[in-house]
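Engineer: Please read through the structure below; I'll follow up with questions.
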Amino acid sequence: VQLQASGGGLVQAGGSLRLSCTLSGGIFSRFTMGWYRQAPGKQRELIATIATLGSTDYAEAVKGRFTISRDNAKNTVYLEMNDLKPEDTAVYYCSGRVLPHDWSWGQGTQVTVSS
């Protein structure tokens, strides 16, 4: 399985970005998809997941500001990020898994939020 994320960049506080991640080498509709992030000096944290049937879950830090969605026809998962804050600055990674297997990872994309 290969995951390719894109859409990161530099944005001012209060701004928005949309990340995309395309999966290849697997049947996308069978994967639970997730977005993680890792800020400098911190552990990687799970911030959003979307199950195969579309149910979602979010970390408290992003709830109400970030939205995860998926398009099975395009093998793509999205992360819409609104009202961005400097503390959202991190490398963002998409991931996918089909139980009982572990998460598969893609390359990260840098998100930098300036104050």
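Residue names in the structure tokens use chain letters A, B, ... in the order shown, residue numbers from 1 in each chain, and ligand numbers from 1 in the order shown.
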At a cut-off of 9 Å, using only C-alpha atoms, what residues contact Ala59 (chain A)? Leave out same-chain residues fewer than 5 positions from it and give the result as a VMD selection string.
Structural biologist: chain A and resid 45 to 48
Engineer: So that I can see what lies close to region 39-42 of chain A, please list as a list in words the residues with an atom at most 8 Å from it, counting only C-alpha atoms and leaving out residues fewer than 6 positions away in the same chain.
Structural biologist: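 Contacts, in chain order: Asp88, Thr89, Ala90 and Val91 of chain A.
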Engineer: Hey, which of A:Gln107, A:Ser69, A:Thr112, A:Ser55 ends up closest to Ser6 (chain A)? Count only C-alpha atoms.
Structural biologist: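 Looking at the shortest contact to Ser6 (chain A), the residue is A:Gln107.
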Engineer: Using DSSP secondary structure from the backbone, list all strand (DSSP E) positions within chain A, as number ranges by chain.
Structural biologist: A: 2-6, 9-12, 17-24, 32-38, 45-50, 56-58, 66-71, 76-81, 90-97, 104-105, 109-114
Engineer: Tell me which of A:Ala73, A:Val1, A:Met33, A:Cys94 sits closest to Gln110 (chain A), counting only C-alpha atoms.
Structural biologist: A:Cys94
Engineer: My list of candidates is A:Thr49, A:Ser114, A:Gln38, A:Thr76. Which is closest to Ser24 (chain A) when distances are computed with only C-alpha atoms?
Structural biologist: A:Thr76
Engineer: Please determine, counting only C-alpha atoms, which residue among A:Leu19, A:Lys63, A:Gly14, A:Lys74 has the shortest atom-to-atom distance to Tyr93 (chain A).
Structural biologist: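 Closest residue, counting only C-alpha atoms: A:Leu19.
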Engineer: Residues within 6 Å of region 77-81 of chain A, please, as a list in words. Count only C-alpha atoms; anything in the same chain fewer than 5 positions from it doesn't count.
Structural biologist: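 The contact residues come out as Ser16, Leu17, Arg18, Leu19, Ser20, Cys21, Phe66, Thr67, Ile68, Ser69 and Arg70 of chain A.
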Engineer: Save the residues we just selected, N, CA, C and O atoms, as a CSV table (one decimal), in the first residue's frame?
Structural biologist:
chain,number,residue,atom,x,y,z
A,16,SER,N,-7.2,28.6,6.4
A,16,SER,CA,-7.6,27.3,6.1
A,16,SER,C,-6.7,26.6,5.1
A,16,SER,O,-6.0,27.2,4.3
A,17,LEU,N,-6.6,25.3,5.2
A,17,LEU,CA,-5.9,24.4,4.3
A,17,LEU,C,-6.7,23.1,4.1
A,17,LEU,O,-7.4,22.7,5.0
A,18,ARG,N,-6.6,22.5,3.0
A,18,ARG,CA,-7.1,21.2,2.8
A,18,ARG,C,-6.0,20.2,2.3
A,18,ARG,O,-5.4,20.5,1.3
A,19,LEU,N,-5.9,19.2,3.1
A,19,LEU,CA,-4.9,18.1,2.8
A,19,LEU,C,-5.6,17.0,2.0
A,19,LEU,O,-6.8,16.7,2.3
A,20,SER,N,-4.9,16.4,1.1
A,20,SER,CA,-5.4,15.2,0.4
A,20,SER,C,-4.4,14.1,0.5
A,20,SER,O,-3.2,14.3,0.7
A,21,CYS,N,-5.0,12.9,0.4
A,21,CYS,CA,-4.1,11.7,0.5
A,21,CYS,C,-4.7,10.6,-0.4
A,21,CYS,O,-5.9,10.3,-0.2
A,66,PHE,N,-11.5,20.9,12.3
A,66,PHE,CA,-11.0,20.0,11.2
A,66,PHE,C,-12.2,19.1,10.8
A,66,PHE,O,-12.9,18.6,11.7
A,67,THR,N,-12.2,18.7,9.5
A,67,THR,CA,-13.2,17.7,9.0
A,67,THR,C,-12.4,16.7,8.1
A,67,THR,O,-11.8,17.1,7.2
A,68,ILE,N,-12.6,15.5,8.5
A,68,ILE,CA,-12.1,14.4,7.6
A,68,ILE,C,-13.2,13.9,6.8
A,68,ILE,O,-14.3,13.7,7.2
A,69,SER,N,-12.9,13.6,5.5
A,69,SER,CA,-13.8,13.0,4.6
A,69,SER,C,-13.1,12.1,3.6
A,69,SER,O,-11.9,12.1,3.6
A,70,ARG,N,-13.9,11.3,2.9
A,70,ARG,CA,-13.3,10.4,2.0
A,70,ARG,C,-14.1,10.3,0.7
A,70,ARG,O,-15.3,10.5,0.7
